[in-house]
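What follows is a single structure, written as structure tokens, with notes after it.
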Amino acid sequence: MTTLTLTRPDDWHLHLRDGEALHAVVGDTARQFARAIIMPNLRPPVVNAEQALAYRQRIEAALARAGIAPGTFTPLMTLYLTDNTPAAEIERAKEQGVVAVKLYPAGATTNSDAGVTDLLGRCAPALAAMERAGMPLLMHGEVTDPAVDVFDREAVFIDRVMLPLRRAFPGLKVVFEHLTTKEGVDYVREAEGPVAATITAHHLLYNRNALFLGGMRPHWYCLPVLKREVHRRALLEAATSDSPRFFLGTDSAPHPRHLKEHACGCAGCYTALHAMELYATAFEMAGRLDRLEAFASFNGPDFYGLPRNTGTLTLVKEPFEVPAELPYGQATLVPLAAGETLNWRVRPQA
Ligand code: NCD
Ligand code: ZN
């Protein structure tokens with residue numbers, strides 16, 4: 001196979017940032033995807049409908065400045081759940097076209113200080129409103145208990161948070177974001193009710209050895225952190241399977257080079273530039289390029305209850321050399337696998 005034409009895909013988990021950073025990255029996503037779920041972990045976070053709409057306008061202005069034709073890319077906005085999110089705010093957000101709400105357990109990851117400390121207690125009214133409105137809860141699925149090993153935090157989250165939540169709100173749509181473990185795959189595949197998961201390209205392509213290959217490699221550090229090979233294989237098997245519950249979410253999370261290559265480096269991999277090239281590489285490795293369209297273009301909108309896209313995206317089997325770095329406001333940005341050559345390339349839209 002030398003070309004692969006898919007229904008235009010969507011990215012169901014994306015960090016676009018704000019200000020100069022937003023301007024630097026938004027075009028990369030819009031050149032590959034028709035829509036993306038925009039994560040609300042700005043500083044301060046996007047906690048209400050008014051802030052979500054203002055953020056959407058800043059994204060639209062950035063798209064125009066990046067030369068993206070109007071109507072070719074739609075940002076799907078989310079709210080950041082806090083212990084104090086009122087049920088009325090969920091209803092307001094729904095009316096304003098906000099599509100989902102993101103759970104960050106307090107302290108779990110980048111810009112999560114305002115996150116939730118008491119999901120089933122203080123967030124119960126908001127969760128009930130979401131369940132009524134059919135609004136999905138997007139979960140960063142890791143416990144933050146310092147006594148739990150970093151590599152076990154996703155598996156422990158299933159027992160401590162996911163199962164009690166699903167018992168209390170069985171009708172709530174839940175997306176287990178950036179799934180990284182076999183335990184997570186098994187849970188999502190078997191769970192009763194409206195449960196799905198996003199999977200990143202980097203968790204399909206790499207295991208935790210990538211962090212230490214020839215030395216410490218901060219550009220492979222993200223949260224949840226890369227896991228053992230057995231988990232990568234389970235994720236690849238799930239993504240390429242017939243299950244409609246697994247779909248594409250890059251978790252592309254840009255940080256300036258100097259804050260990645262730092263004594264206490266930030267978590268996040270930049271993959272928006274070459275997202276579909278990376279996913280195609282992973283699916284080809286599994287011998288399942290035929291499953292890429294369902295994963296990238298069908299399963300996500302079907303779960304969210306949104307229409308599938310109508311346009312197409314074509315991948316060509318030609319070498320793609322990942323640039324060493326990209327401009328990022330006053331700083332620079334290092335894409336994942338910088339300097340390496342991938343086997344697939346997205347054909348630029350006419
Ligand atoms: C994300 C970021 O930088 O905003 N980082 C990451 O490693 N994925 C936050 C997140 O999604 O956890
Ligand atoms: Zn993320």
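Chain identifiers are assigned as A, B, and so on, following the order in which chains appear in the structure tokens; residues are numbered from 1 within each chain, and ligands are numbered from 1 in order of appearance.
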
Once you count only C-alpha atoms and all ligand atoms, what closest atom pair and distance in Å to one decimal does each residue of chain A within 8 Å of ligand 1 have, with rows by chain and rising residue number, as a Markdown table?
```
| residue | atom | partner | partner_atom_place_in_ligand_line | distance |
| --- | --- | --- | --- | --- |
| A:His15 | CA | ligand 1 | 4 (O) | 6.0 |
| A:Met39 | CA | ligand 1 | 4 (O) | 7.8 |
| A:Asn41 | CA | ligand 1 | 4 (O) | 6.3 |
| A:Ala108 | CA | ligand 1 | 12 (O) | 7.2 |
| A:Thr109 | CA | ligand 1 | 12 (O) | 4.8 |
| A:Thr110 | CA | ligand 1 | 9 (C) | 4.8 |
| A:Asn111 | CA | ligand 1 | 4 (O) | 6.6 |
| A:His140 | CA | ligand 1 | 12 (O) | 6.8 |
| A:His178 | CA | ligand 1 | 11 (O) | 7.8 |
| A:Tyr221 | CA | ligand 1 | 7 (O) | 6.8 |
| A:Cys222 | CA | ligand 1 | 7 (O) | 3.4 |
| A:Leu223 | CA | ligand 1 | 7 (O) | 3.7 |
| A:Pro224 | CA | ligand 1 | 7 (O) | 6.4 |
| A:Val225 | CA | ligand 1 | 7 (O) | 7.5 |
| A:Asp251 | CA | ligand 1 | 8 (N) | 5.7 |
| A:Ser252 | CA | ligand 1 | 8 (N) | 7.1 |
| A:Ala253 | CA | ligand 1 | 3 (O) | 4.6 |
| A:Pro254 | CA | ligand 1 | 3 (O) | 6.5 |
| A:His255 | CA | ligand 1 | 3 (O) | 6.8 |
| A:Cys266 | CA | ligand 1 | 3 (O) | 6.9 |
| A:Ala267 | CA | ligand 1 | 7 (O) | 3.8 |
| A:Gly268 | CA | ligand 1 | 7 (O) | 3.3 |
| A:Cys269 | CA | ligand 1 | 7 (O) | 6.5 |
```

**Study point:** Residue contacts of Arg35 (chain A) (12 Å, only C-alpha atoms) excluding same-chain residues fewer than 6 positions away, as a PyMOL selection string
**Key:** chain A and resi 8-14+26+29+71-77+99+248-249+296-297+300-301+306-311

Check your understanding: Which is closest to ligand 2 among A:Asn207, A:Thr314, A:Ser112, A:Thr240, if we use only C-alpha atoms and all ligand atoms?
Key ->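 Under the stated criterion, the closest residue is A:Ser112.
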
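Take CA of Ala34 (chain A) and CA of Gly193 (chain A): the distance between them is 27.7 Å.
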
**Study point:** All residues 9 Å or closer to Phe151 (chain A), only C-alpha atoms, same chain fewer than 3 positions away omitted, as a ChimeraX atom specification
**Key:** /A:148,154-155,224-228

Exercise for review: Output as a ChimeraX atom specification all residues of region 44-243 of chain A that backbone DSSP marks as strand (DSSP E).
Suggested key: /A:74-80,100-103,137-139,174-176,195-199

Review point. Which value, in Å to one decimal, gives the distance between CA of Pro218 (chain A) and CA of Thr117 (chain A)?
Key: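 These atoms are spaced 28.8 Å apart.
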
Practice item. Give the helix (DSSP H, G or I) residues of region 171-242 of chain A, as DSSP finds them on the backbone, and put them as JSON, numbers by chain. Key: {"A": [182, 183, 184, 185, 186, 187, 188, 189, 190, 201, 202, 203, 204, 205, 208, 209, 210, 211, 212, 218, 219, 220, 229, 230, 231, 232, 233, 234, 235, 236, 237, 238, 239]}

What does the file look like for those residues with N, CA, C and O atoms, as a CSV table (one decimal), in the first residue's frame?
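Writing done, so here's selection-v1.csv:
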```csv
chain,number,residue,atom,x,y,z
A,182,LYS,N,-2.4,-2.2,30.3
A,182,LYS,CA,-3.3,-3.4,30.0
A,182,LYS,C,-4.5,-3.4,30.9
A,182,LYS,O,-5.6,-3.7,30.5
A,183,GLU,N,-4.3,-3.0,32.2
A,183,GLU,CA,-5.4,-3.0,33.1
A,183,GLU,C,-6.5,-2.0,32.6
A,183,GLU,O,-7.7,-2.3,32.7
A,184,GLY,N,-6.0,-0.9,32.1
A,184,GLY,CA,-7.0,0.1,31.5
A,184,GLY,C,-7.7,-0.4,30.3
A,184,GLY,O,-8.9,-0.3,30.2
A,185,VAL,N,-7.0,-1.1,29.4
A,185,VAL,CA,-7.6,-1.6,28.2
A,185,VAL,C,-8.6,-2.7,28.6
A,185,VAL,O,-9.8,-2.7,28.1
A,186,ASP,N,-8.3,-3.6,29.6
A,186,ASP,CA,-9.2,-4.6,30.0
A,186,ASP,C,-10.5,-4.0,30.6
A,186,ASP,O,-11.6,-4.4,30.3
A,187,TYR,N,-10.3,-3.0,31.4
A,187,TYR,CA,-11.4,-2.3,32.0
A,187,TYR,C,-12.3,-1.7,30.9
A,187,TYR,O,-13.6,-2.0,30.9
A,188,VAL,N,-11.8,-1.0,30.0
A,188,VAL,CA,-12.6,-0.2,29.0
A,188,VAL,C,-13.3,-1.2,28.1
A,188,VAL,O,-14.5,-1.1,27.8
A,189,ARG,N,-12.6,-2.3,27.8
A,189,ARG,CA,-13.2,-3.3,26.9
A,189,ARG,C,-14.4,-4.0,27.5
A,189,ARG,O,-15.4,-4.2,26.8
A,190,GLU,N,-14.3,-4.2,28.8
A,190,GLU,CA,-15.3,-5.0,29.5
A,190,GLU,C,-16.4,-4.2,30.2
A,190,GLU,O,-17.5,-4.8,30.5
A,201,ALA,N,-0.5,8.5,20.2
A,201,ALA,CA,0.5,7.8,19.3
A,201,ALA,C,1.7,7.4,20.0
A,201,ALA,O,2.2,6.3,19.8
A,202,HIS,N,2.2,8.2,21.0
A,202,HIS,CA,3.4,7.8,21.6
A,202,HIS,C,3.3,6.6,22.5
A,202,HIS,O,4.2,5.8,22.6
A,203,HIS,N,2.1,6.4,23.1
A,203,HIS,CA,1.9,5.2,23.9
A,203,HIS,C,1.7,3.9,23.0
A,203,HIS,O,1.9,2.8,23.5
A,204,LEU,N,1.4,4.1,21.8
A,204,LEU,CA,1.3,3.0,20.8
A,204,LEU,C,2.7,2.6,20.3
A,204,LEU,O,3.0,1.5,19.9
A,205,LEU,N,3.6,3.6,20.2
A,205,LEU,CA,4.9,3.5,19.6
A,205,LEU,C,6.0,3.1,20.5
A,205,LEU,O,7.0,2.5,20.1
A,208,ARG,N,8.6,2.3,28.1
A,208,ARG,CA,9.4,3.2,28.9
A,208,ARG,C,10.9,3.2,28.7
A,208,ARG,O,11.6,4.1,29.2
A,209,ASN,N,11.4,2.2,28.0
A,209,ASN,CA,12.8,2.2,27.6
A,209,ASN,C,13.1,3.5,26.8
A,209,ASN,O,14.3,4.0,26.9
A,210,ALA,N,12.2,4.0,26.1
A,210,ALA,CA,12.4,5.2,25.3
A,210,ALA,C,12.9,6.4,26.1
A,210,ALA,O,13.6,7.3,25.6
A,211,LEU,N,12.5,6.4,27.4
A,211,LEU,CA,12.9,7.5,28.3
A,211,LEU,C,14.4,7.5,28.6
A,211,LEU,O,14.9,8.5,29.0
A,212,PHE,N,15.0,6.3,28.5
A,212,PHE,CA,16.4,6.2,29.0
A,212,PHE,C,17.3,5.7,27.9
A,212,PHE,O,18.4,5.3,28.2
A,218,PRO,N,14.2,13.8,27.9
A,218,PRO,CA,13.0,14.5,28.4
A,218,PRO,C,11.9,14.7,27.4
A,218,PRO,O,10.7,14.8,27.8
A,219,HIS,N,12.2,14.6,26.1
A,219,HIS,CA,11.1,14.8,25.1
A,219,HIS,C,10.2,13.6,25.0
A,219,HIS,O,9.1,13.6,24.4
A,220,TRP,N,10.6,12.5,25.7
A,220,TRP,CA,9.7,11.3,25.8
A,220,TRP,C,8.9,11.3,27.1
A,220,TRP,O,8.2,10.3,27.4
A,229,GLU,N,6.6,-2.8,27.9
A,229,GLU,CA,6.2,-3.3,26.6
A,229,GLU,C,4.9,-4.1,26.6
A,229,GLU,O,4.1,-3.9,25.7
A,230,VAL,N,4.6,-4.8,27.7
A,230,VAL,CA,3.3,-5.6,27.7
A,230,VAL,C,2.1,-4.6,27.6
A,230,VAL,O,1.1,-5.0,27.0
A,231,HIS,N,2.3,-3.4,28.2
A,231,HIS,CA,1.2,-2.5,28.1
A,231,HIS,C,1.1,-1.8,26.7
A,231,HIS,O,0.0,-1.7,26.2
A,232,ARG,N,2.2,-1.5,26.1
A,232,ARG,CA,2.2,-1.0,24.8
A,232,ARG,C,1.5,-1.9,23.8
A,232,ARG,O,0.7,-1.6,23.0
A,233,ARG,N,1.8,-3.2,24.0
A,233,ARG,CA,1.2,-4.2,23.1
A,233,ARG,C,-0.3,-4.3,23.3
A,233,ARG,O,-1.1,-4.4,22.3
A,234,ALA,N,-0.7,-4.2,24.5
A,234,ALA,CA,-2.2,-4.2,24.8
A,234,ALA,C,-2.9,-3.0,24.2
A,234,ALA,O,-4.0,-3.2,23.7
A,235,LEU,N,-2.2,-1.9,24.3
A,235,LEU,CA,-2.8,-0.7,23.7
A,235,LEU,C,-2.9,-0.8,22.2
A,235,LEU,O,-3.9,-0.4,21.6
A,236,LEU,N,-1.9,-1.3,21.5
A,236,LEU,CA,-1.9,-1.4,20.1
A,236,LEU,C,-2.9,-2.4,19.6
A,236,LEU,O,-3.6,-2.2,18.7
A,237,GLU,N,-3.1,-3.5,20.4
A,237,GLU,CA,-4.1,-4.5,20.1
A,237,GLU,C,-5.5,-3.9,20.2
A,237,GLU,O,-6.3,-4.1,19.3
A,238,ALA,N,-5.7,-3.1,21.3
A,238,ALA,CA,-7.0,-2.4,21.5
A,238,ALA,C,-7.3,-1.4,20.3
A,238,ALA,O,-8.4,-1.4,19.8
A,239,ALA,N,-6.3,-0.6,20.0
A,239,ALA,CA,-6.5,0.5,19.0
A,239,ALA,C,-6.8,-0.1,17.7
A,239,ALA,O,-7.6,0.5,16.9
```

Practice item. Pick out the residues sitting within 10 Å of Val116 (chain A), and hand them over as a list of chain:residue names; count only C-alpha atoms, and ignore anything fewer than 4 positions along from it in its own chain. Key: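 Listing them by chain and then by number gives A:Tyr80, A:Leu81, A:Thr82, A:Asp83, A:Asn84, A:Thr85, A:Leu103, A:Tyr104, A:Pro105, A:Ala106, A:Gly107, A:Ala108, A:Ser112, A:Leu120, A:Arg122, A:Cys123.
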
Exercise for review: Could you jot down the CA of Pro327 (chain A) to CA of Arg347 (chain A) separation for me, Å, one decimal place?
Suggested key: 22.1 Å

Review point. Which neighbours of Met135 (chain A) fall inside 7 Å, counting only C-alpha atoms, when residues of the same chain fewer than 4 positions from it are skipped, and could you give them as a VMD selection string?
Key: chain A and resid 99 to 100 130 to 131 173

**Study point:** Spatial neighbours of Gly97 (chain A), 10 Å, only C-alpha atoms, chain gap at least 5 places, as a ChimeraX atom specification
**Key:** /A:49,52-53,76-78,92

Exercise for review: Name the residues in contact with Val316 (chain A) at a cut-off of 12 Å, using only C-alpha atoms, excluding same-chain residues fewer than 2 positions from it; report them as a ChimeraX atom specification.
Suggested key: /A:1-6,276-277,280-281,313-314,318-320,342-348
